[in-house]
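Chemist: One structure, pasted below without further comment.
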Number of protein chains: 2
Amino acid sequence: MEKTIREDCITIFKAGIKAVDSYQAVKTHLRVEGNYLVVADQKYKLTDFDHIYAIGAGKATASMALALEEIMGDRLNSGLIIVKYGHLSNLKKVTIVEAGHPVPDEAGFQGAQALLELAQACGKDDLIICLISGGGSALLPLPVSGISLKEKQETTRLLLNCGANIHEINTIRKHLSRIKGGGLAGIAYPSTLISLILSDVIGNDLDVIASGPAVADKSTFEDCVKIMERYNLFAKISDTVRTHLQEGAAGKREETPKPGSPIFKRTSNVIIGSNIQCLEAAEKKAKELGYNTLIISSFVEGETREAARVHSAVLKEIINSGRPLPLPACIISGGETTVTIKGNGKGGRNQEFVLAGGIEIAGWAGASVFSAGTDGTDGPTDAAGAYADWRMFDKARKSGLDPYHYLANNDSYHFFKKIEDLIITGPTNTNVMDLRLLIAK
Amino acid sequence: MEKTIREDCITIFKAGIKAVDSYQAVKTHLRVEGNYLVVADQKYKLTDFDHIYAIGAGKATASMALALEEIMGDRLNSGLIIVKYGHLSNLKKVTIVEAGHPVPDEAGFQGAQALLELAQACGKDDLIICLISGGGSALLPLPVSGISLKEKQETTRLLLNCGANIHEINTIRKHLSRIKGGGLAGIAYPSTLISLILSDVIGNDLDVIASGPAVADKSTFEDCVKIMERYNLFAKISDTVRTHLQEGAAGKREETPKPGSPIFKRTSNVIIGSNIQCLEAAEKKAKELGYNTLIISSFVEGETREAARVHSAVLKEIINSGRPLPLPACIISGGETTVTIKGNGKGGRNQEFVLAGGIEIAGWAGASVFSAGTDGTDGPTDAAGAYADWRMFDKARKSGLDPYHYLANNDSYHFFKKIEDLIITGPTNTNVMDLRLLIAK
């Protein structure tokens, strides 16, 4: 029985990520019809443009660019995208720069400068198609003048480690960046700028995805100061960064472009894939496999192990009283949680979710929990996630492992590696946060 | 609109607690039919018994005893119950002892001794009806020989403050007590012992409710040692308590009575009210008020503010995509969360849930969150809980309050007092943990 539920989880997961495949998503949302480029419900006359360029950043943009090249053919002049090391495809016109993620590096800095120069050179008769996917923030590291890349990196590292959410991290990033928070739109103006976006943020807020390079920024320097104070980070970051943010809050620095700015008259942003689409496809597959299903939310965030407890509580109620679903039941959720690191183990939010969930459902016969990153990677590991069921403790005991110990040490990776319940998929060509499945059979 | 949703919440809450009213629950589950006492689906011949006594402990047992007196009339000989200070009713035959809760005190200690003596004096031709409700653990403080009440109190205090759940707290309590963990059944043996239980624990585990005075104990001294180590409490508690638990784990102390012991042949335990019954009645009322409803779980536990984030995520999805319910929607959950106290404010888990939830749903038009303790008290406050909606920040701003600050300081009570969103009900005559409502309209 265990093997069947585990296999069901993998089947459901694969159906979910197939629905948001980055290559396919571009082909679905963009096509050439005669003399027109059709993007979602918008039409652009191709002869209006002297040149068409592709730019972009994100882990999945190589396959997005491949689809774009196939669609545009000779109409595409050239382009430049920045991807995470190894996330490549075989492109003809678009140059690929590989760079560091989640911590930005010098290669990303060089790439971002080149991308900015390309956009800056475009005029009102040019069309820029910008491909954005998860990781775009880290892969476009172009700090404002006076702040070094190293200082910006250190700020990002501190924010990641203190448990700040992606909204908070991006608010800071936007105010330390030349490209983010509408910066790219400002640079590309007055050319036409169409962004195709694979969303990796909760709620698909355009100004948050990749820190909104082509979107008006509602966040302010004041918000930055509040966030830094909330996590006590002013004592830890460089004087230059602190001063920049504090002077900004005092009105001494230029704010990011705000809603209503003419900069955004020729920009459009199209979400071509998102977490809820992935959950819906997963639900469809789970139904095909015979499960009663419930998508509880694509907005799940917060501390991973606590989110796992609430999810497990739903599963217990199902087993106990058939509420809110009768057996066999599959609860589906998405979004992206955070891990406040207290130990020195190795893991990721998905693996930690499953470890905490496995502890909760111990002894609840028929209960299973699965969680994986839709991009195929979870934290600094080679796994996408993990799987556990009500017998996890028995498996752990046989291997001489104490699940509580591994959880306390944030060492979910080594725990599941030893009991052979890691989920390893390799890169998936997409990135729409996480997919969680809680099954009772 | 705000007033309407707030009023709806209170109406739904009242319907929920009415369904688990302690007085009514006894009348529903116990009656005299001719020469028989009928308890749920069991019949007892009244002439088989020389004497019938009532004992019990818990915040709601005074009204349970009132119902019992009314049902039994002259057949009841006498009795003794221990209640929280002020939780009284006008009884004729049953003596009421008022004692300390949540922290046990000398009055509870004296009451527990008297209760133990009453049970000990009963023989095989006697019937003891034991009334149990929430608070029973704290109100029956009879430490094992060699450990003082003060040491046991200090252990409870440390466990409450470190974020241990009620299962963990009770495991320790049972191994430091003469009454709990089946101890009472051992003392009452060979008399007949019927327990009527208003459940205040997740999953209604009989051996956990009031620390299972009449139930075989599956937990062990080894479990106690693990719990104390999990929260690093051995360094903080007295040597006597540490030694008792460690010697127990080494097999040098007598374990609590385990499943299969003949002690339990004449005991029966009947759940007469529980959290899920409350949630179901709340759901019925919510439907009457026009809401689409979903009970997500009566098993919710874990860190309060994080549970609030997951609940809010469900509400956001409802507003965003109509999943899992279309508007107007009412999500219902139960169970009992914990608060790891880091600040020095005043509050309770329900008020903190609403504060954290109110922060999450800020700006989500139509979203509201309500949480209250079914016993009418939440932490060391005079409120049962609180209410917040998407405009909580606006209200806070007008009063000059920063919600984040109050949350960080665990000061939800003063926050909601100032913006006039406390829910104050007074004692409710029941106690089946908490009721949470998340409404989107």
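Note on naming: chains are A, B, ... as they come in the structure tokens, residues start from 1 per chain, ligands start from 1 in the order shown.
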Find the residues around A:Leu66 up to 9 Å (only C-alpha atoms counted), leave out those fewer than 2 positions away in its own chain, and share them as JSON, numbers by chain.
Modeler: {"A": [23, 61, 62, 63, 64, 68, 69, 70, 71, 89, 90, 91, 92, 94]}
Chemist: What's the 9 Å shell around A:Ala396, counting only C-alpha atoms, without same-chain residues fewer than 4 positions away, as a list in words?
Modeler: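 Skipping anything fewer than 4 positions along the chain leaves Arg391, Met392, Gly400, Leu401, Asp402, Pro403, Phe415, Lys418 and Ile419 of chain A.
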Chemist: Excluding same-chain residues fewer than 3 positions from A:Lys258, what lies within 8 Å of it counting only C-alpha atoms, as a PyMOL selection string?
Modeler: chain A and resi 216-218+255+261
Chemist: Can those selected residues be exported to a file as an mmCIF file, in the first residue's frame so that it contains N, CA and C atoms?
Modeler:
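Listing of result13.cif after writing:
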```cif
data_model
loop_
_atom_site.group_PDB
_atom_site.id
_atom_site.type_symbol
_atom_site.label_atom_id
_atom_site.label_comp_id
_atom_site.auth_asym_id
_atom_site.auth_seq_id
_atom_site.Cartn_x
_atom_site.Cartn_y
_atom_site.Cartn_z
ATOM 1 N N ALA A 216 5.208 48.946 -11.638
ATOM 2 C CA ALA A 216 5.247 50.036 -10.668
ATOM 3 C C ALA A 216 5.412 49.456 -9.265
ATOM 4 N N ASP A 217 6.182 50.144 -8.458
ATOM 5 C CA ASP A 217 6.513 49.634 -7.134
ATOM 6 C C ASP A 217 5.709 50.380 -6.066
ATOM 7 N N LYS A 218 4.882 49.602 -5.335
ATOM 8 C CA LYS A 218 4.092 50.232 -4.273
ATOM 9 C C LYS A 218 4.868 50.317 -2.962
ATOM 10 N N GLU A 255 12.884 57.552 -5.214
ATOM 11 C CA GLU A 255 12.076 56.344 -5.030
ATOM 12 C C GLU A 255 11.998 55.544 -6.332
ATOM 13 N N SER A 261 3.019 56.300 -13.221
ATOM 14 C CA SER A 261 4.132 56.873 -13.978
ATOM 15 C C SER A 261 3.970 56.568 -15.470
#
```
Chemist: Using 7 Å as the limit and counting only C-alpha atoms, can you tabulate each residue of chain A that touches chain B, with its shortest atom-to-atom distance in Å and the two atoms involved, as CSV?
Modeler:
```
residue,atom,partner,partner_atom,distance
A:Leu294,CA,B:Pro324,CA,6.6
A:Ile295,CA,B:Pro324,CA,6.0
A:Ile296,CA,B:Val314,CA,5.7
A:Ser297,CA,B:Val314,CA,4.9
A:Ser298,CA,B:Glu317,CA,6.5
A:Phe299,CA,B:Ala313,CA,4.8
A:Val300,CA,B:Ala313,CA,5.3
A:Glu301,CA,B:Arg309,CA,7.0
A:Gly302,CA,B:Glu306,CA,6.2
A:Glu303,CA,B:Glu306,CA,6.6
A:Glu306,CA,B:Glu306,CA,6.0
A:Ala307,CA,B:Val310,CA,6.3
A:Arg309,CA,B:Gly302,CA,6.4
A:Val310,CA,B:Val300,CA,5.8
A:Ala313,CA,B:Phe299,CA,4.8
A:Val314,CA,B:Ser297,CA,5.0
A:Lys316,CA,B:Phe299,CA,6.8
A:Glu317,CA,B:Ser297,CA,5.3
A:Arg323,CA,B:Ile295,CA,6.8
A:Pro324,CA,B:Ile296,CA,5.8
```
Chemist: DSSP says strand (DSSP E or B) for which residues of stretch 240-296 of chain A? Put them as a list in words?
Modeler: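 The strand (DSSP E or B) residues within stretch 240-296 of chain A come out as Thr267, Ser268, Asn269, Val270, Ile271, Ile272, Gly273, Asn292, Thr293, Leu294, Ile295 and Ile296 of chain A.
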Chemist: Determine, counting only C-alpha atoms, which protein, DNA and RNA residues have an atom within 6 Å of an atom of B:Cys130; residues of the same chain fewer than 4 positions away are not included. Present the result as a list in words.
Modeler: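 So the residues in contact are Ala54, Ile55, Gly56, Ile194 and Ser195 of chain B.
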Chemist: Give me, as a short mmCIF file (atom, residue, chain, number, x, y, z; two decimals) with C-alpha atoms, in the first residue's frame, all polymer residues having an atom no more than 6 Å from stretch 186-190 of chain B, counting only C-alpha atoms and skipping those fewer than 2 positions away in the same chain.
Modeler:
```
data_model
loop_
_atom_site.label_atom_id
_atom_site.label_comp_id
_atom_site.auth_asym_id
_atom_site.auth_seq_id
_atom_site.Cartn_x
_atom_site.Cartn_y
_atom_site.Cartn_z
CA ALA B 119 -13.21 6.72 46.35
CA GLN B 120 -11.00 4.58 48.55
CA GLY B 123 -16.57 -1.17 47.85
CA LYS B 124 -17.81 -3.54 45.15
CA GLY B 183 -4.72 6.13 39.49
CA LEU B 184 -8.30 6.95 40.48
CA ILE B 263 -8.54 -2.51 37.60
#
```
Chemist: Stretch 212-415 of chain A: which residues are helix (DSSP H, G or I) by DSSP, as JSON, numbers by chain?
Modeler: {"A": [221, 222, 223, 224, 225, 226, 227, 228, 229, 230, 239, 240, 241, 242, 243, 244, 245, 246, 247, 248, 249, 262, 263, 264, 265, 266, 275, 276, 277, 278, 279, 280, 281, 282, 283, 284, 285, 286, 287, 288, 304, 305, 306, 307, 308, 309, 310, 311, 312, 313, 314, 315, 316, 317, 318, 319, 320, 321, 349, 350, 351, 352, 353, 354, 355, 356, 357, 358, 359, 360, 392, 393, 394, 395, 396, 397, 398, 403, 404, 405, 406, 407, 408, 412, 413, 414, 415]}
Chemist: Set the distance at 10 Å and use only C-alpha atoms: which residues neighbour A:Thr425 once local chain neighbours fewer than 3 positions away are removed? I'd like the list as a list in words.
Modeler: Ile10, Lys14, Ala372, Gly373, Thr374, Asp375, Gly376, Thr377, Asp382, Ala383, Ala384, Gly385, Leu422 and Thr428 of chain A
Chemist: Only N, CA, C and O atoms, please: the residues just picked out, written as a CSV table (one decimal), in the first residue's frame.
Modeler:
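Output (result-v9.csv):
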```csv
chain,number,residue,atom,x,y,z
A,10,ILE,N,3.8,10.9,-6.8
A,10,ILE,CA,4.7,11.2,-7.8
A,10,ILE,C,3.9,11.5,-9.1
A,10,ILE,O,4.2,12.4,-9.9
A,14,LYS,N,3.8,15.0,-11.0
A,14,LYS,CA,4.2,15.2,-12.4
A,14,LYS,C,3.1,15.8,-13.3
A,14,LYS,O,3.4,16.7,-14.1
A,372,ALA,N,7.0,18.8,-2.5
A,372,ALA,CA,8.1,19.0,-3.4
A,372,ALA,C,8.1,20.4,-4.1
A,372,ALA,O,7.0,20.9,-4.3
A,373,GLY,N,9.3,20.8,-4.4
A,373,GLY,CA,9.4,22.1,-5.1
A,373,GLY,C,9.2,21.8,-6.6
A,373,GLY,O,9.7,20.9,-7.1
A,374,THR,N,8.3,22.7,-7.2
A,374,THR,CA,8.0,22.4,-8.6
A,374,THR,C,9.2,22.6,-9.5
A,374,THR,O,9.1,22.1,-10.7
A,375,ASP,N,10.2,23.2,-9.0
A,375,ASP,CA,11.4,23.4,-9.9
A,375,ASP,C,12.3,22.2,-9.8
A,375,ASP,O,13.4,22.1,-10.4
A,376,GLY,N,12.0,21.2,-8.9
A,376,GLY,CA,12.8,20.0,-8.8
A,376,GLY,C,13.9,20.2,-7.8
A,376,GLY,O,14.7,19.2,-7.6
A,377,THR,N,14.1,21.4,-7.2
A,377,THR,CA,15.1,21.5,-6.2
A,377,THR,C,14.5,22.1,-4.9
A,377,THR,O,13.5,22.8,-4.9
A,382,ASP,N,20.0,18.0,-3.6
A,382,ASP,CA,19.7,17.4,-5.0
A,382,ASP,C,18.3,16.8,-5.0
A,382,ASP,O,17.9,16.2,-6.0
A,383,ALA,N,17.5,17.0,-4.0
A,383,ALA,CA,16.1,16.4,-3.9
A,383,ALA,C,15.1,17.5,-4.2
A,383,ALA,O,15.4,18.7,-4.0
A,384,ALA,N,14.0,17.1,-4.8
A,384,ALA,CA,12.8,18.1,-4.9
A,384,ALA,C,12.0,18.2,-3.7
A,384,ALA,O,11.3,19.1,-3.4
A,385,GLY,N,12.0,17.1,-2.9
A,385,GLY,CA,11.2,17.0,-1.7
A,385,GLY,C,11.3,15.6,-1.1
A,385,GLY,O,12.3,15.0,-1.2
A,422,LEU,N,13.6,10.3,-0.1
A,422,LEU,CA,13.7,11.6,-0.9
A,422,LEU,C,13.0,11.4,-2.2
A,422,LEU,O,12.8,10.3,-2.7
A,428,THR,N,13.0,20.6,-13.7
A,428,THR,CA,11.7,20.3,-14.2
A,428,THR,C,11.2,21.3,-15.3
A,428,THR,O,10.2,21.1,-15.9
```
Chemist: Smallest atom-to-atom distance to A:Thr192: which of A:Leu289, A:Ile52, A:Val32, A:Val103, using only C-alpha atoms?
Modeler: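 The answer is A:Ile52, which sits nearest to A:Thr192.
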Chemist: Rounded to one decimal, what separation in Å do you get between atom CA of B:Ile17 and atom CA of B:Gly426?
Modeler: 12.5 Å
Chemist: Between B:Gly343, B:Val97, B:Ala185, B:Thr243, which one has atoms that come closest to B:Thr267, using only C-alpha atoms?
Modeler: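 Closest candidate: B:Ala185.
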Chemist: Just give me the gap between atom CA of A:Asn161 and atom CA of A:Ile147 in Å, one decimal is fine.
Modeler: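 Answer for the atom CA of A:Asn161 to atom CA of A:Ile147 separation: 20.9 Å.
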Chemist: Quick one: distance from atom CA of A:Asp48 to atom CA of A:Arg31 in Å, one decimal?
Modeler: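 Distance reported for this atom pair: 16.5 Å.
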